[in-house]
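Notes follow once the structure below has been shown.
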Amino acid sequence: MTANETMWVGKYLSIRRQGRWEYAERTRGLGAAVIMATTDADELVLIEEYRVPLGRACLSFPAGLVGDEGAGDNGVGDNGEAEDPAASARRELEEETGFRAARMEPVGAFASSPGLTSETFTLFRATGLTRVGEGGGVDGEEIVVRLVPKTEVAAAIADARARGLAIDVKLLALMRLL
């Protein structure tokens, strides 16, 4: 196996090469938390958010990086500890959707696009939701919250496509679970 070569480094990503293979790697060992949240009315909490790499909005689960809030350059907070993925999931759910979860259950860890990036995420199932704010994200994210009855997920995805939105691949797993 040939050695890795770093081609470029930014705050959140580095571009690396191993032989002919080029890929993106999360800096500081950051992973992500993805939240599959369900209301007591059996609605899924989805979001629409503009994604720069796609040049358009994308329908997806709420999600965010673990350890990027209040952490130093190494993803570790002032107390010397890395952020707990469940704590990150709770924070992201509330920031993006305005919902607070009574229960945040880890489903498992997954690779988001293993041929392109080293990024992994932990999928959480959030239940016992209470509305505590409007959501919409932070720093101009302008996230739109969509409450979709579980029985209407396929139609909501078709509608989002018809409106020109990209569809996050993680919603495929949702369709399988339903």
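Each chain in the structure tokens gets a letter, A, B and so on, in the order shown; residues start at 1 in every chain, and ligands are counted from 1 in the order they appear.
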Shell around segment 52-58 of chain A at 6 Å using only C-alpha atoms, local window under 4 positions removed, as JSON, numbers by chain: {"A": [48, 165, 166, 167]}
message: Could you go through segment 67-175 of chain A and tell me which residues DSSP, when run on the backbone, assigns to strand (DSSP E or B), listing them as number ranges by chain?
response: A: 71, 76-77, 82, 99-111, 117, 120-131, 144-149, 166-167
Go through segment 44-134 of chain A and flag each residue having an atom no more than 8 Å from segment 7-27 of chain A; for those, report the closest pair of atoms plus their distance in Å to one decimal, using only C-alpha atoms, ordered by chain and rising number, as JSON lines.
```
{"residue": "A:Gly115", "atom": "CA", "partner": "A:Tyr23", "partner_atom": "CA", "distance": 7.6}
{"residue": "A:Leu116", "atom": "CA", "partner": "A:Tyr23", "partner_atom": "CA", "distance": 5.0}
{"residue": "A:Thr117", "atom": "CA", "partner": "A:Ala24", "partner_atom": "CA", "distance": 4.6}
{"residue": "A:Ser118", "atom": "CA", "partner": "A:Glu25", "partner_atom": "CA", "distance": 5.0}
{"residue": "A:Glu119", "atom": "CA", "partner": "A:Arg26", "partner_atom": "CA", "distance": 6.0}
```
Write a file of the selected residues as a PDB file, in the first residue's frame, keeping all heavy atoms.
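Listed below is the output, out_38.pdb:
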```pdb
ATOM      1  N   GLY A 115     -16.516   5.541  -1.040  1.00  0.00           N
ATOM      2  CA  GLY A 115     -15.639   5.670  -2.202  1.00  0.00           C
ATOM      3  C   GLY A 115     -15.120   7.084  -2.386  1.00  0.00           C
ATOM      4  O   GLY A 115     -14.218   7.323  -3.187  1.00  0.00           O
ATOM      5  N   LEU A 116     -15.688   8.049  -1.642  1.00  0.00           N
ATOM      6  CA  LEU A 116     -15.342   9.452  -1.815  1.00  0.00           C
ATOM      7  C   LEU A 116     -14.760  10.082  -0.559  1.00  0.00           C
ATOM      8  O   LEU A 116     -13.923  10.963  -0.626  1.00  0.00           O
ATOM      9  CB  LEU A 116     -16.591  10.234  -2.237  1.00  0.00           C
ATOM     10  CG  LEU A 116     -16.453  11.740  -2.348  1.00  0.00           C
ATOM     11  CD1 LEU A 116     -15.515  12.102  -3.489  1.00  0.00           C
ATOM     12  CD2 LEU A 116     -17.809  12.374  -2.559  1.00  0.00           C
ATOM     13  N   THR A 117     -15.224   9.635   0.622  1.00  0.00           N
ATOM     14  CA  THR A 117     -14.846  10.310   1.857  1.00  0.00           C
ATOM     15  C   THR A 117     -14.700   9.321   3.006  1.00  0.00           C
ATOM     16  O   THR A 117     -15.343   8.269   3.015  1.00  0.00           O
ATOM     17  CB  THR A 117     -15.890  11.392   2.214  1.00  0.00           C
ATOM     18  OG1 THR A 117     -15.531  11.999   3.464  1.00  0.00           O
ATOM     19  CG2 THR A 117     -17.287  10.829   2.339  1.00  0.00           C
ATOM     20  N   SER A 118     -13.891   9.712   3.980  1.00  0.00           N
ATOM     21  CA  SER A 118     -13.723   8.909   5.195  1.00  0.00           C
ATOM     22  C   SER A 118     -14.820   9.199   6.210  1.00  0.00           C
ATOM     23  O   SER A 118     -14.853   8.577   7.263  1.00  0.00           O
ATOM     24  CB  SER A 118     -12.359   9.214   5.827  1.00  0.00           C
ATOM     25  OG  SER A 118     -12.330  10.564   6.280  1.00  0.00           O
ATOM     26  N   GLU A 119     -15.718  10.144   5.912  1.00  0.00           N
ATOM     27  CA  GLU A 119     -16.733  10.558   6.873  1.00  0.00           C
ATOM     28  C   GLU A 119     -17.621   9.392   7.301  1.00  0.00           C
ATOM     29  O   GLU A 119     -18.074   8.599   6.477  1.00  0.00           O
ATOM     30  CB  GLU A 119     -17.623  11.646   6.278  1.00  0.00           C
ATOM     31  CG  GLU A 119     -18.706  12.094   7.265  1.00  0.00           C
ATOM     32  CD  GLU A 119     -19.645  13.115   6.675  1.00  0.00           C
ATOM     33  OE1 GLU A 119     -20.321  12.811   5.675  1.00  0.00           O
ATOM     34  OE2 GLU A 119     -19.694  14.226   7.226  1.00  0.00           O
TER      35      GLU A 119
END
```
query: Skipping near chain neighbours, those fewer than 3 positions away, what residues fall within 7 Å of segment 84-96 of chain A using only C-alpha atoms, listed as number ranges by chain?
result: A: 33-35, 62-64, 66, 99-101, 104, 135-138, 143
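Atom pair atom CA of Thr39 of chain A / atom CA of Lys150 of chain A has a distance of 10.1 Å (rounded to one decimal).
In this model, the gap between atom CA of Arg125 of chain A and atom CA of Ala109 of chain A comes to 12.4 Å.
Taking segment 17-114 of chain A and asking which residues DSSP calls helix (DSSP H, G or I) on the backbone, you get Thr27, Arg28, Gly29, Pro85, Ala86, Ala87, Ser88, Ala89, Arg90, Arg91, Glu92, Leu93, Glu94, Glu95, Glu96 and Thr97 of chain A.
Using only C-alpha atoms, the nearest neighbour of Ala154 of chain A within the list A:Leu44, A:Leu65, A:Ala37, A:Thr130 is A:Leu44.
The neighbours of Leu174 of chain A here are the residues that come within 10 Å of it, using only C-alpha atoms and leaving out any residue fewer than 3 positions away in the same chain; they are Met36, Leu44, Phe61, Lys150, Val153, Ala154, Val169, Lys170, Leu171, Leu177 and Leu178 of chain A.
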Keeping only N, CA and C atoms, write the selected residues to a file as a compact mmCIF listing (two decimals), in the first residue's frame.
```txt
# COMPACT_ATOMS: atom_id res chain seq x y z
N MET A 36 -33.06 10.66 13.04
CA MET A 36 -34.35 10.23 12.50
C MET A 36 -35.36 10.47 13.63
N LEU A 44 -42.52 12.20 10.59
CA LEU A 44 -41.06 12.31 10.54
C LEU A 44 -40.68 13.77 10.43
N PHE A 61 -32.54 14.25 6.69
CA PHE A 61 -32.72 14.22 8.13
C PHE A 61 -31.93 15.39 8.73
N LYS A 150 -45.64 9.43 8.36
CA LYS A 150 -44.88 8.27 7.87
C LYS A 150 -45.53 7.65 6.63
N VAL A 153 -44.34 9.55 3.25
CA VAL A 153 -42.93 9.83 2.98
C VAL A 153 -42.60 9.71 1.50
N ALA A 154 -43.06 8.65 0.86
CA ALA A 154 -42.76 8.47 -0.57
C ALA A 154 -43.30 9.65 -1.38
N VAL A 169 -29.32 10.48 0.29
CA VAL A 169 -29.35 9.03 0.15
C VAL A 169 -29.79 8.34 1.44
N LYS A 170 -29.58 8.96 2.59
CA LYS A 170 -29.98 8.34 3.86
C LYS A 170 -31.49 8.14 3.95
N LEU A 171 -32.24 8.89 3.15
CA LEU A 171 -33.70 8.69 3.13
C LEU A 171 -34.06 7.35 2.51
N LEU A 177 -36.98 1.09 6.16
CA LEU A 177 -37.48 0.88 7.52
C LEU A 177 -39.00 0.98 7.59
N LEU A 178 -39.57 1.79 6.71
CA LEU A 178 -41.03 1.97 6.73
C LEU A 178 -41.69 0.86 5.94
```
